[in-house]
file coords07.cif (mmCIF, C-alpha atoms)
data_data
loop_
_atom_site.label_atom_id
_atom_site.label_comp_id
_atom_site.auth_asym_id
_atom_site.auth_seq_id
_atom_site.Cartn_x
_atom_site.Cartn_y
_atom_site.Cartn_z
CA MET A 103 250.96 -155.81 22.84
CA VAL A 104 247.22 -156.56 23.05
CA LYS A 105 245.16 -154.67 25.63
CA ILE A 106 242.10 -156.55 26.85
CA ALA A 107 239.13 -155.47 28.96
CA ALA A 108 236.74 -158.02 30.42
CA THR A 109 233.31 -157.89 32.01
CA SER A 110 230.55 -160.31 32.95
CA ASP A 111 227.22 -160.56 34.71
CA ASN A 112 225.97 -157.11 33.73
CA HIS A 113 222.38 -158.40 34.18
CA PHE A 114 220.86 -155.39 32.46
CA ASP A 115 217.27 -156.55 32.80
CA LEU A 116 217.47 -157.75 36.40
CA ASN A 117 219.22 -154.52 37.37
CA SER A 118 216.62 -152.41 35.51
CA VAL A 119 219.35 -150.83 33.37
CA ASP A 120 218.52 -149.62 29.86
CA SER A 121 221.45 -151.07 27.92
CA GLU A 122 220.98 -148.64 25.06
CA GLN A 123 221.40 -145.73 27.46
CA VAL A 124 224.76 -146.95 28.79
CA ILE A 125 226.43 -148.03 25.54
CA ASP A 126 227.76 -144.55 24.82
CA ALA A 127 229.45 -144.31 28.23
CA GLN A 128 230.89 -147.82 27.86
CA VAL A 129 232.28 -147.04 24.42
CA LYS A 130 233.89 -143.79 25.57
CA HIS A 131 235.51 -145.50 28.54
CA LEU A 132 236.88 -148.42 26.53
CA GLN A 133 238.20 -146.10 23.85
CA LYS A 134 239.84 -143.85 26.45
CA LEU A 135 241.61 -146.89 27.89
CA GLY A 136 242.93 -147.87 24.46
CA ILE A 137 241.33 -151.31 24.56
CA ASP A 138 241.87 -153.69 21.64
CA ILE A 139 239.60 -156.57 22.72
CA TYR A 140 236.47 -156.37 24.89
CA LEU A 141 235.38 -159.69 26.38
CA ILE A 142 231.91 -160.34 27.80
CA ALA A 143 231.80 -163.56 29.82
CA GLY A 144 228.03 -164.03 29.84
CA ASP A 145 224.86 -163.01 31.68
CA LEU A 146 223.85 -159.85 29.86
CA PHE A 147 220.10 -160.62 29.84
CA ASN A 148 217.68 -163.41 30.69
CA ASP A 149 217.06 -163.59 26.94
CA PHE A 150 219.72 -164.65 24.45
CA GLN A 151 218.36 -162.56 21.60
CA LEU A 152 218.53 -159.41 23.70
CA SER A 153 222.15 -160.25 24.49
CA VAL A 154 222.92 -160.72 20.79
CA LYS A 155 221.19 -157.43 19.94
CA TYR A 156 223.20 -155.57 22.56
CA VAL A 157 226.54 -157.00 21.41
CA LYS A 158 225.75 -156.13 17.80
CA LYS A 159 224.91 -152.55 18.73
CA LEU A 160 227.98 -152.21 20.95
CA GLN A 161 230.28 -153.51 18.22
CA ALA A 162 228.79 -151.08 15.68
CA ALA A 163 229.46 -148.22 18.08
CA MET A 164 233.18 -149.02 18.40
CA PRO A 165 234.37 -150.80 15.24
CA ARG A 166 238.05 -150.55 16.19
CA ILE A 167 237.55 -152.59 19.37
CA LYS A 168 236.75 -156.27 18.86
CA VAL A 169 233.78 -157.39 20.96
CA LEU A 170 233.60 -161.09 21.82
CA PHE A 171 231.04 -162.81 24.05
CA ILE A 172 229.85 -166.15 25.33
CA ALA A 173 226.57 -167.16 26.93
CA GLY A 174 226.04 -167.38 30.65
CA ASN A 175 223.29 -169.45 32.20
CA HIS A 176 220.97 -166.42 32.33
CA ASP A 177 221.41 -165.75 28.61
CA MET A 178 220.40 -169.37 27.99
CA ILE A 179 217.00 -169.07 29.67
CA LYS A 180 214.98 -167.69 26.77
CA ASN A 181 214.91 -167.56 22.96
CA VAL A 182 217.76 -169.97 22.27
CA SER A 183 218.04 -173.74 21.97
CA TYR A 184 220.82 -176.03 23.10
CA TYR A 185 221.65 -176.67 19.45
CA ASP A 186 221.85 -172.95 18.71
CA LEU A 187 224.10 -172.38 21.71
CA GLU A 188 226.42 -175.07 20.37
CA GLN A 189 226.29 -174.26 16.66
CA GLY A 190 225.10 -170.66 16.36
CA LYS A 191 227.23 -168.10 14.55
CA TRP A 192 226.14 -164.71 15.81
CA GLN A 193 228.41 -161.70 15.56
CA GLY A 194 231.11 -161.99 18.21
CA TYR A 195 229.78 -165.26 19.67
CA LEU A 196 232.76 -167.40 20.64
CA ASN A 197 231.46 -170.62 22.18
CA ASN A 198 233.68 -173.54 21.11
CA ARG A 199 235.56 -171.16 18.84
CA TYR A 200 238.57 -168.90 18.93
CA TYR A 201 239.67 -165.52 17.68
CA ASP A 202 243.27 -164.88 16.65
CA VAL A 203 244.26 -161.29 17.31
CA PRO A 204 245.85 -159.83 14.15
CA ASN A 205 249.60 -159.19 14.21
CA SER A 206 250.12 -161.10 17.46
CA ASP A 207 250.25 -164.65 18.81
CA VAL A 208 247.31 -163.99 21.14
CA ARG A 209 244.32 -166.29 20.73
CA VAL A 210 241.04 -165.77 22.58
CA VAL A 211 239.34 -169.11 23.19
CA GLY A 212 235.68 -169.14 24.16
CA ILE A 213 233.53 -171.79 25.79
CA ASN A 214 230.27 -171.25 27.64
CA GLY A 215 230.83 -174.02 30.17
CA TRP A 216 228.44 -176.01 32.37
CA TYR A 217 228.70 -178.26 35.45
CA ASP A 218 228.83 -181.85 36.63
CA TYR A 219 228.19 -181.48 40.41
CA SER A 220 231.86 -182.20 41.21
CA PHE A 221 232.30 -178.94 43.16
CA ALA A 222 229.79 -180.14 45.78
CA VAL A 223 232.31 -182.38 47.53
CA ASN A 224 230.77 -181.91 50.98
CA GLU A 225 227.26 -182.89 49.89
CA PRO A 226 226.97 -186.69 49.64
CA LYS A 227 224.06 -186.64 47.21
CA THR A 228 223.20 -188.72 44.16
CA ASP A 229 222.91 -187.19 40.70
CA GLU A 230 219.16 -187.56 41.01
CA GLN A 231 219.14 -185.61 44.27
CA PHE A 232 221.24 -182.80 42.79
CA LEU A 233 218.92 -182.64 39.80
CA ALA A 234 215.83 -182.56 42.02
CA TRP A 235 217.33 -179.68 44.02
CA LYS A 236 218.22 -177.82 40.84
CA ASN A 237 214.70 -178.25 39.45
CA THR A 238 213.25 -176.90 42.70
CA TYR A 239 215.53 -174.00 43.59
CA TRP A 240 217.93 -173.08 40.77
CA ILE A 241 217.17 -170.81 37.81
CA ASP A 242 218.79 -173.27 35.39
CA ARG A 243 215.64 -175.37 35.63
CA LEU A 244 214.31 -172.99 32.96
CA ILE A 245 217.05 -174.00 30.48
CA SER A 246 216.10 -176.87 28.18
CA GLN A 247 218.72 -179.42 27.18
CA PRO A 248 218.65 -182.82 25.47
CA VAL A 249 221.32 -184.35 27.73
CA SER A 250 222.04 -184.62 31.44
CA ASP A 251 224.19 -182.06 33.25
CA LYS A 252 227.09 -184.49 33.44
CA GLU A 253 226.78 -185.33 29.75
CA ARG A 254 226.64 -181.66 28.87
CA GLU A 255 229.77 -180.90 30.88
CA ALA A 256 231.57 -183.89 29.34
CA ILE A 257 230.96 -182.31 25.93
CA VAL A 258 232.30 -178.99 27.24
CA LEU A 259 235.45 -180.64 28.59
CA THR A 260 236.08 -182.43 25.30
CA GLN A 261 235.66 -179.16 23.41
CA LEU A 262 237.95 -177.33 25.83
CA THR A 263 240.69 -179.93 25.50
CA SER A 264 240.50 -179.79 21.72
CA LEU A 265 240.60 -175.98 21.63
CA LEU A 266 243.59 -175.78 23.97
CA LYS A 267 245.46 -178.56 22.22
CA ASN A 268 244.98 -176.77 18.90
CA ALA A 269 246.23 -173.52 20.42
CA GLN A 270 249.24 -175.24 21.94
CA GLU A 271 250.18 -176.80 18.62
CA ALA A 272 249.91 -173.36 16.99
CA SER A 273 252.11 -171.81 19.74
CA LYS A 274 249.38 -169.36 20.72
CA ASN A 275 249.27 -167.18 23.82
CA VAL A 276 245.80 -168.07 25.10
CA VAL A 277 243.13 -166.05 26.84
CA LEU A 278 240.32 -168.43 27.81
CA MET A 279 236.86 -166.94 28.31
CA THR A 280 234.17 -168.97 30.04
CA HIS A 281 231.14 -168.17 32.17
CA PHE A 282 231.10 -170.85 34.83
CA VAL A 283 233.62 -171.12 37.65
CA PRO A 284 236.87 -172.48 36.17
CA ASN A 285 238.73 -173.49 39.33
CA VAL A 286 237.66 -175.11 42.59
CA LYS A 287 239.73 -172.56 44.52
CA PHE A 288 236.92 -170.04 43.95
CA ILE A 289 234.32 -172.26 45.62
CA HIS A 290 233.18 -171.50 49.18
CA TYR A 291 232.19 -174.31 51.52
CA SER A 292 230.22 -173.95 54.72
CA ASP A 293 229.32 -176.15 57.68
CA ASP A 294 226.04 -174.38 58.31
CA PHE A 295 224.74 -172.77 55.09
CA ARG A 296 223.51 -175.81 53.22
CA PHE A 297 221.89 -173.92 50.35
CA TRP A 298 225.22 -172.75 48.96
CA ASN A 299 226.84 -176.12 49.50
CA MET A 300 224.19 -177.54 47.19
CA ALA A 301 224.45 -174.59 44.80
CA ASN A 302 228.16 -175.35 44.39
CA ALA A 303 227.09 -178.37 42.35
CA MET A 304 225.79 -176.00 39.67
CA LEU A 305 228.85 -173.74 39.45
CA GLY A 306 231.28 -175.73 37.32
CA SER A 307 233.58 -178.74 37.27
CA THR A 308 236.84 -179.66 39.00
CA ARG A 309 238.05 -181.19 35.75
CA PHE A 310 237.82 -177.83 33.96
CA GLY A 311 240.53 -176.36 36.18
CA GLU A 312 242.67 -179.45 35.80
CA ILE A 313 242.62 -179.05 32.03
CA ILE A 314 243.60 -175.39 32.38
CA ASP A 315 246.57 -176.48 34.49
CA GLU A 316 247.53 -179.21 32.03
CA PHE A 317 247.81 -176.69 29.19
CA LYS A 318 249.27 -173.89 31.35
CA VAL A 319 246.75 -171.34 30.07
CA PRO A 320 248.14 -167.85 30.76
CA ALA A 321 244.84 -166.02 31.37
CA VAL A 322 241.24 -167.01 32.14
CA VAL A 323 238.25 -164.65 32.18
CA PHE A 324 235.06 -165.85 33.89
CA GLY A 325 231.88 -164.75 35.63
CA HIS A 326 228.93 -166.49 37.32
CA ILE A 327 230.01 -165.72 40.89
CA HIS A 328 229.70 -162.13 42.10
CA ASP A 329 232.41 -162.10 44.74
CA ARG A 330 234.38 -158.98 43.74
CA ILE A 331 237.55 -160.98 43.21
CA ASP A 332 240.84 -159.33 42.40
CA PRO A 333 242.96 -160.97 39.69
CA VAL A 334 244.71 -163.99 41.19
CA LYS A 335 247.31 -166.43 39.89
CA TYR A 336 247.09 -170.18 40.47
CA ASN A 337 249.95 -172.18 39.00
CA ALA A 338 250.62 -170.77 35.51
CA THR A 339 247.23 -169.07 35.14
CA THR A 340 245.96 -165.63 36.10
CA TYR A 341 242.19 -165.61 36.66
CA TYR A 342 240.03 -162.54 36.07
CA ASN A 343 236.47 -162.41 37.42
CA ALA A 344 234.70 -159.30 36.16
CA ALA A 345 231.14 -159.78 37.43
CA VAL A 346 229.15 -156.60 37.95
CA GLY A 347 226.48 -158.49 39.89
CA TYR A 348 223.05 -157.50 41.22
CA ASN A 349 221.58 -154.25 42.47
CA ARG A 350 218.25 -155.47 43.78
CA LYS A 351 216.45 -155.34 47.11
CA ARG A 352 217.14 -158.98 47.89
CA HIS A 353 220.58 -159.06 46.28
CA LYS A 354 222.37 -155.77 46.87
CA GLU A 355 225.92 -156.36 45.63
CA TRP A 356 226.79 -152.95 44.22
CA GLN A 357 228.72 -150.33 46.19
CA SER A 358 226.66 -147.57 44.53
CA ASN A 359 223.39 -147.27 42.61
CA ASP A 360 225.00 -146.38 39.29
CA PHE A 361 225.64 -149.08 36.69
CA ILE A 362 228.54 -147.36 34.92
CA THR A 363 230.30 -146.77 38.24
CA GLU A 364 230.01 -150.47 39.09
CA TRP A 365 230.91 -151.61 35.59
CA CYS A 366 234.07 -149.48 35.59
CA ALA A 367 235.04 -150.71 39.05
CA GLN A 368 234.66 -154.36 38.08
CA LEU A 369 236.18 -154.09 34.60
CA LYS A 370 239.34 -156.20 34.43
CA ILE A 371 242.10 -154.86 32.20
CA PHE A 372 245.27 -156.70 31.26
CA GLU A 373 247.84 -156.91 28.50
CA LEU A 374 249.40 -159.80 26.62
CA PHE A 375 252.47 -159.63 24.45
#

call {"tool": "encode", "arguments": {"input": "coords07.cif", "output": "structure tokens"}}
result
Amino acid sequence: MVKIAATSDNHFDLNSVDSEQVIDAQVKHLQKLGIDIYLIAGDLFNDFQLSVKYVKKLQAAMPRIKVLFIAGNHDMIKNVSYYDLEQGKWQGYLNNRYYDVPNSDVRVVGINGWYDYSFAVNEPKTDEQFLAWKNTYWIDRLISQPVSDKEREAIVLTQLTSLLKNAQEASKNVVLMTHFVPNVKFIHYSDDFRFWNMANAMLGSTRFGEIIDEFKVPAVVFGHIHDRIDPVKYNATTYYNAAVGYNRKRHKEWQSNDFITEWCAQLKIFELF
């Protein structure tokens, strides 16, 4: 049996949380729960190097628990290039890689993810119009990339297919960790709130979920949306969203004012055999 805990969207900097001050409480809680693998599905900081530093310090504080992470869009904003996100080999970084849990058939597959506008089915816009909206309103305008959004997501989908095919051939029990929304069933559509209908374009890809279904992935961990979603099963896959979310004046998503309380409440824990 492998016991897994998952989190995402801690947003330490935006929430004015000193990550070094909460590590001890996080470690004690994870150890008390008897966790084997701790998954972080992106958005620790608006600075990739701060995210790497935090993961390194967290892993050093609990060497018996394996810490694995991927980058969310916020992590991608500063101090990392597209090439580094694709090829970098930082401690615990799992994008386009996998980790085989010792003495089990469990494989954790990681992929950052991206988007191709396909979630925005009720917005009849061109790619150019979606891009113009993104560059005006969406934080991802700060992320540099040498390809278009659709080209970037096509690369992600190719990588995902290869990773899952490899796992299938090896008869692995897969936990897939990604940041962006992995299934269209998590997307909200509105007749009157046009901002979010446009924002849906930047949340993921319909094809991503189709690939998950094709390979019958047992478990998917993701973040990006802060909707306080309970674990839910679609087809053969159980989805775990573990986003802590924002505690700010304009975005008050917490039920309390204490980070550890919110982190514990949103932590998703599950077991694979």

call {"tool": "resolve_selection", "arguments": {"input": "coords07.cif", "expression": "the PyMOL selection byres ((chain A and resi 193) around 8)", "output": "ChimeraX atom specification"}}
result
/A:154,157-158,191-192,194-195

call {"tool": "residues_near_point", "arguments": {"input": "coords07.cif", "point": "(237.8, -172.9, 37.4)", "cutoff": "9 Å", "atoms": "only C-alpha atoms", "output": "MDAnalysis selection string"}}
result
chainID A and resid 282:289 306:312 314 322 324 341

call {"tool": "residues_around", "arguments": {"input": "coords07.cif", "residues": "Thr260 (chain A)", "least_positions_apart": "3", "cutoff": "12 Å", "atoms": "only C-alpha atoms", "output": "PyMOL selection string"}}
result
chain A and resi 198+213+215+253-257+263-267+309-310+313

call {"tool": "closest_residue", "arguments": {"input": "coords07.cif", "among": "A:Asp138, A:Leu196, A:Val210, A:Asn224", "to": "Asp294 (chain A)", "atoms": "only C-alpha atoms"}}
result
A:Asn224

call {"tool": "resolve_selection", "arguments": {"input": "coords07.cif", "expression": "the PyMOL selection byres ((chain A and resi 246) around 9)", "output": "number ranges by chain"}}
result
A: 178-179, 183-184, 242-245, 247-248

call {"tool": "residues_around", "arguments": {"input": "coords07.cif", "residues": "Arg330 (chain A)", "least_positions_apart": "4", "cutoff": "8 Å", "atoms": "all atoms listed in the file", "output": "mmCIF file with C-alpha atoms, in the coordinates of the input"}}
result
data_model
loop_
_atom_site.group_PDB
_atom_site.id
_atom_site.type_symbol
_atom_site.label_atom_id
_atom_site.label_comp_id
_atom_site.auth_asym_id
_atom_site.auth_seq_id
_atom_site.Cartn_x
_atom_site.Cartn_y
_atom_site.Cartn_z
ATOM 1 C CA ASN A 343 236.470 -162.410 37.420
ATOM 2 C CA ALA A 344 234.700 -159.300 36.160
ATOM 3 C CA ALA A 345 231.140 -159.780 37.430
ATOM 4 C CA GLN A 368 234.660 -154.360 38.080
#

call {"tool": "resolve_selection", "arguments": {"input": "coords07.cif", "expression": "the PyMOL selection byres ((chain A and resi 203) around 12)", "output": "list of chain:residue names"}}
result
A:Met103, A:Val104, A:Lys105, A:Ile106, A:Asp138, A:Ile139, A:Tyr140, A:Ile167, A:Lys168, A:Val169, A:Leu170, A:Tyr200, A:Tyr201, A:Asp202, A:Pro204, A:Asn205, A:Ser206, A:Asp207, A:Val208, A:Arg209, A:Val210, A:Val211, A:Lys274, A:Asn275, A:Val276, A:Val277, A:Leu374, A:Phe375

call {"tool": "write_last_selection", "arguments": {"input": "coords07.cif", "atoms": "C-alpha atoms", "output": "short mmCIF file (atom, residue, chain, number, x, y, z; two decimals), keeping the file's coordinate frame"}}
result
data_model
loop_
_atom_site.label_atom_id
_atom_site.label_comp_id
_atom_site.auth_asym_id
_atom_site.auth_seq_id
_atom_site.Cartn_x
_atom_site.Cartn_y
_atom_site.Cartn_z
CA MET A 103 250.96 -155.81 22.84
CA VAL A 104 247.22 -156.56 23.05
CA LYS A 105 245.16 -154.67 25.63
CA ILE A 106 242.10 -156.55 26.85
CA ASP A 138 241.87 -153.69 21.64
CA ILE A 139 239.60 -156.57 22.72
CA TYR A 140 236.47 -156.37 24.89
CA ILE A 167 237.55 -152.59 19.37
CA LYS A 168 236.75 -156.27 18.86
CA VAL A 169 233.78 -157.39 20.96
CA LEU A 170 233.60 -161.09 21.82
CA TYR A 200 238.57 -168.90 18.93
CA TYR A 201 239.67 -165.52 17.68
CA ASP A 202 243.27 -164.88 16.65
CA PRO A 204 245.85 -159.83 14.15
CA ASN A 205 249.60 -159.19 14.21
CA SER A 206 250.12 -161.10 17.46
CA ASP A 207 250.25 -164.65 18.81
CA VAL A 208 247.31 -163.99 21.14
CA ARG A 209 244.32 -166.29 20.73
CA VAL A 210 241.04 -165.77 22.58
CA VAL A 211 239.34 -169.11 23.19
CA LYS A 274 249.38 -169.36 20.72
CA ASN A 275 249.27 -167.18 23.82
CA VAL A 276 245.80 -168.07 25.10
CA VAL A 277 243.13 -166.05 26.84
CA LEU A 374 249.40 -159.80 26.62
CA PHE A 375 252.47 -159.63 24.45
#

call {"tool": "closest_residue", "arguments": {"input": "coords07.cif", "among": "A:Ile172, A:Leu135, A:Ala303, A:Ile125", "to": "Leu278 (chain A)", "atoms": "all atoms listed in the file"}}
result
A:Ile172

call {"tool": "residues_near_point", "arguments": {"input": "coords07.cif", "point": "(224.0, -152.2, 22.8)", "cutoff": "6 Å", "atoms": "all atoms listed in the file", "output": "PyMOL selection string"}}
result
chain A and resi 121-122+125+156-157+159-160

call {"tool": "residues_around", "arguments": {"input": "coords07.cif", "residues": "Glu230 (chain A)", "least_positions_apart": "5", "cutoff": "12 Å", "atoms": "all atoms listed in the file", "output": "short mmCIF file (atom, residue, chain, number, x, y, z; two decimals) with C-alpha atoms, keeping the file's coordinate frame"}}
result
data_model
loop_
_atom_site.label_atom_id
_atom_site.label_comp_id
_atom_site.auth_asym_id
_atom_site.auth_seq_id
_atom_site.Cartn_x
_atom_site.Cartn_y
_atom_site.Cartn_z
CA TYR A 219 228.19 -181.48 40.41
CA TRP A 235 217.33 -179.68 44.02
CA LYS A 236 218.22 -177.82 40.84
CA ASN A 237 214.70 -178.25 39.45
CA SER A 250 222.04 -184.62 31.44
CA ASP A 251 224.19 -182.06 33.25
CA LYS A 252 227.09 -184.49 33.44
#

call {"tool": "closest_residue", "arguments": {"input": "coords07.cif", "among": "A:Ala107, A:Val129, A:Val258, A:Met304", "to": "Ala367 (chain A)", "atoms": "all atoms listed in the file"}}
result
A:Ala107

call {"tool": "closest_residue", "arguments": {"input": "coords07.cif", "among": "A:Lys354, A:His281, A:His176, A:Lys318", "to": "Tyr217 (chain A)", "atoms": "all atoms listed in the file"}}
result
A:His281

call {"tool": "closest_residue", "arguments": {"input": "coords07.cif", "among": "A:Asn302, A:Gln231, A:Asn214, A:Asn112", "to": "Leu259 (chain A)", "atoms": "all atoms listed in the file"}}
result
A:Asn214

call {"tool": "atom_distance", "arguments": {"input": "coords07.cif", "atom1": "CA of Leu132 (chain A)", "atom2": "CA of Glu355 (chain A)"}}
result
23.4 Å

call {"tool": "decode", "arguments": {"input": "coords07.cif", "residues": "region 349-375 of chain A", "atoms": "N, CA and C atoms", "output": "short mmCIF file (atom, residue, chain, number, x, y, z; two decimals), in the first residue's frame"}}
result
data_model
loop_
_atom_site.label_atom_id
_atom_site.label_comp_id
_atom_site.auth_asym_id
_atom_site.auth_seq_id
_atom_site.Cartn_x
_atom_site.Cartn_y
_atom_site.Cartn_z
N ASN A 349 -6.17 34.01 0.00
CA ASN A 349 -6.71 34.70 1.17
C ASN A 349 -6.32 36.17 1.06
N ARG A 350 -6.99 36.86 0.16
CA ARG A 350 -6.69 38.26 -0.12
C ARG A 350 -7.99 39.06 -0.10
N LYS A 351 -7.86 40.37 -0.03
CA LYS A 351 -9.06 41.20 0.05
C LYS A 351 -9.98 41.00 -1.14
N ARG A 352 -9.39 40.93 -2.32
CA ARG A 352 -10.21 40.80 -3.53
C ARG A 352 -10.56 39.35 -3.85
N HIS A 353 -9.79 38.42 -3.30
CA HIS A 353 -10.05 37.00 -3.54
C HIS A 353 -9.98 36.26 -2.21
N LYS A 354 -11.07 36.28 -1.49
CA LYS A 354 -11.13 35.64 -0.17
C LYS A 354 -11.76 34.26 -0.33
N GLU A 355 -10.90 33.24 -0.45
CA GLU A 355 -11.38 31.88 -0.69
C GLU A 355 -11.23 30.98 0.54
N TRP A 356 -10.47 31.40 1.51
CA TRP A 356 -10.27 30.59 2.71
C TRP A 356 -11.49 30.68 3.62
N GLN A 357 -11.66 29.64 4.44
CA GLN A 357 -12.71 29.64 5.46
C GLN A 357 -12.20 30.19 6.79
N SER A 358 -10.88 30.37 6.89
CA SER A 358 -10.27 30.94 8.09
C SER A 358 -9.18 31.90 7.63
N ASN A 359 -8.37 32.38 8.57
CA ASN A 359 -7.23 33.23 8.21
C ASN A 359 -5.90 32.54 8.49
N ASP A 360 -5.94 31.23 8.68
CA ASP A 360 -4.74 30.48 9.04
C ASP A 360 -4.36 29.52 7.92
N PHE A 361 -3.14 29.65 7.42
CA PHE A 361 -2.71 28.83 6.29
C PHE A 361 -2.76 27.34 6.60
N ILE A 362 -2.19 26.93 7.72
CA ILE A 362 -2.13 25.51 8.04
C ILE A 362 -3.53 24.91 8.16
N THR A 363 -4.45 25.65 8.73
CA THR A 363 -5.84 25.17 8.81
C THR A 363 -6.40 24.91 7.42
N GLU A 364 -6.16 25.85 6.50
CA GLU A 364 -6.67 25.70 5.13
C GLU A 364 -5.94 24.59 4.38
N TRP A 365 -4.64 24.53 4.56
CA TRP A 365 -3.84 23.49 3.90
C TRP A 365 -4.29 22.10 4.34
N CYS A 366 -4.49 21.92 5.63
CA CYS A 366 -4.96 20.62 6.15
C CYS A 366 -6.35 20.28 5.59
N ALA A 367 -7.22 21.28 5.54
CA ALA A 367 -8.58 21.04 5.07
C ALA A 367 -8.61 20.64 3.60
N GLN A 368 -7.71 21.21 2.82
CA GLN A 368 -7.70 20.95 1.38
C GLN A 368 -6.80 19.78 0.98
N LEU A 369 -5.97 19.31 1.88
CA LEU A 369 -5.07 18.20 1.58
C LEU A 369 -5.89 16.97 1.17
N LYS A 370 -5.53 16.38 0.05
CA LYS A 370 -6.22 15.18 -0.42
C LYS A 370 -5.34 13.97 -0.15
N ILE A 371 -5.92 12.99 0.53
CA ILE A 371 -5.17 11.80 0.94
C ILE A 371 -5.84 10.56 0.37
N PHE A 372 -5.06 9.71 -0.26
CA PHE A 372 -5.60 8.48 -0.82
C PHE A 372 -4.53 7.41 -0.85
N GLU A 373 -4.97 6.18 -1.04
CA GLU A 373 -4.07 5.03 -1.02
C GLU A 373 -4.20 4.24 -2.32
N LEU A 374 -3.08 3.72 -2.77
CA LEU A 374 -3.06 2.82 -3.92
C LEU A 374 -2.35 1.54 -3.51
N PHE A 375 -2.79 0.45 -4.09
CA PHE A 375 -2.23 -0.85 -3.71
C PHE A 375 -1.49 -1.49 -4.90
#
